[in-house]
Amino acid sequence: MRRFARLYLELDASTATGDKLRALRRYLDDCVPTAPADAAWAVYFLCGGRPRQVLPTALLRATACACAGLPDWLFEACHQAVGDLAETIAHVLPEPTRQSDAGLAEWVEQRLLPLRGLPPAEQQARLAEAWDELDATGRFLLVKLIGGGWRVGVGRQLVQRALAEHAGLEPSLMAQRLVGWTDARQPPTPRRLAALLAAAGAGAADDGQPYPFFLAHALPGDPARHAGDAADWLVEWKYDGIRAQLVRRAGRTWLWSRGEELITERFPEVVAQAAALPDGCVLDGELLVWHPGAPAPAPFQQLQQRITRRSLSRALRAATPVRFVAYDLLEAGGQDLRAQPQALRRAALERLLRGLQAPAGAATAEATGAPGLQLSPLLPAPDWPACAVWRAQARERGVEGLMLKQRSARYGSGRTRSEGLWWKWKVEPHTVDAVLIYAQAGHGRRAGLCTDYTFAVWSRRPADAAEAEAVVEAIGRREPARPGALQLLPIAKAYSGLSDAELTAIDRVIRATTLERFGPVRSLRPSLMFELAFEGIAASPRHKSGVALRFPRILRQREDKPLHEADNLADLQALLTPATPADSRSGRPRDGAPDD
């Protein structure tokens, strides 16, 4: 653990890429030959791997208070000042009485992971013993690993580069081998690390290893200005599903999400359809819930059920039939096609899928709405005005906008422009004017400011300013809302979109209007309104308002409008109906809204 702690301190001490790269190289050169199990776990964490939370936060806090002899209120005050639980615990614990020589792998595999499932008293005893063997940095890291909140100031691409240099490999090959490295169901081992660092050409050809995903850039404005001639581009729908690669090798099928999670068992209907694919092919595409006979895919929330449910029942499969919509061919006949131009890969994909046996009794999956494999359609777009017409139809077709793919583009790794370009030209987001009602402090450098906000809309449109002010006065008196009366209903949490100067000014208002504190959360006397952007909306019985917003973010403070003119629940409910006019108040697009 001490070597990993030293590496963390070196990475945290500098913002220079060269310094971080040298620190990573020193660690790998030293640790790989002498402690490969430690190095394997280090690569896992540095690449973004996060073990499941081992212990509840309440137990961490209670154990820290007991070890430090602090009352809970004083620990909470320290936590509010520091802003980070692991750092707070590392500060308040007494000096250790022992020193551990155990490596990172031993700490994770023999000390940390076995804590899950033990009686709370045993968990506390083992945790206190562990803290008594570590210095402040080791304690900080251990709490981060226990809580599943590990982060370090180094990008995955820099780790790829350090590994490639250590092994004498091309960075592109290392990027490919690292895909799936952080899948929680395949713990890092010395054997996996050896395969990761093996010489080029080594390794089995019948495994399910996917390729690094090629990512699109958000189109910043007029496509004629940024993309040139429309004839140089292939145009497709931008689907709102789960980006995935379908790997077919040695008679087996693997499905990998863009988050590098193996999700094969979640989509057995897609796996069954993929059995018709020849060995040695890899498809890039989108997983979507698409009901039989429906003209458009279902909302993303239905697809989420297939990921979040622990068991996949027959009823759930019937209620959420999934298709894999393919839009790229990365491998065919065991040959890597990524260096070929986009147009050639697309033609090869069309030939491949055209040759598959269609579902019984249907010409194509598209014709019947049957789940399975489907080709992403190319849209006829002779010029950019024609593309704009297609884009205007996006929401009614259940998609997010358009994908523009350069005909000459190779399939790159990550969000790069060196191999060619993909643009995502999304529809403008929905917007809503909402009232700030709760706030809490941020983390890291924003720990001293209230930057995480909860917003609300009116339960109905206020009759006038006086009625809205009466509600605000009642909230100020801490009176509960009367059933059926006008009230503010929480609809979303958001924390991004404002500058540091804006956050500082808003923080002053928050502190002046705080009514009560519930741990880190402040309830506020309503006084501030903000315009929020969001990508989609769905009915949600889990929320008091009955709706859930997708990807909410702050656009601006609405100092130009009084609180009674904030939006109401009916404005949002109208967006749940496809027939809602595009120019409805809450759904109007806002020029210049940022793309995700």
# chains A, B, ... in the order shown; residues from 1 in each chain; ligands from 1
$ residues_around --residues "range 278-284 of chain A" --least-positions-apart "2" --cutoff "9 Å" --atoms "only C-alpha atoms" --output "VMD selection string"
chain A and resid 205 to 206 210 to 211 213 243 to 252 274 to 276 286 325 to 336 349 352
$ residues_around --residues "range 36-51 of chain A" --least-positions-apart "5" --cutoff "7 Å" --atoms "only C-alpha atoms" --output "VMD selection string"
chain A and resid 28 31 103 to 105 148 150 156 159 181 to 182 184 188 to 190 193
$ closest_residue --among "A:Thr15, A:Ala162, A:Ala439, A:Leu373" --to "Tyr27 in chain A" --atoms "only C-alpha atoms"
A:Ala162
$ atom_distance --atom1 "CA of Ala409 in chain A" --atom2 "CA of Val389 in chain A"
24.6 Å
$ select_by_dssp --residues "range 216-432 of chain A" --states "strand (DSSP E or B)" --output "PyMOL selection string"
chain A and resi 217-218+233-238+242-249+252-257+262+281-289+322-332+335-336+372-375+378+401-406+414+422-426+430-432
$ residues_around --residues "range 539-544 of chain A" --least-positions-apart "6" --cutoff "9 Å" --atoms "only C-alpha atoms" --output "ChimeraX atom specification"
/A:489-491,573,576
$ residues_around --residues "Ala164 in chain A" --least-positions-apart "2" --cutoff "10 Å" --atoms "only C-alpha atoms" --output "list in words"
Arg25, Leu158, Val159, Gln160, Arg161, Ala162, His166, Ala167, Gly168, Leu169, Glu170, Pro171, Ser172, Leu173, Met174, Ala175, Leu196 and Leu197 of chain A
$ residues_around --residues "Ala81 in chain A" --least-positions-apart "5" --cutoff "10 Å" --atoms "only C-alpha atoms" --output "NGL selection string"
:A and (75-76 or 88 or 441 or 447-449)
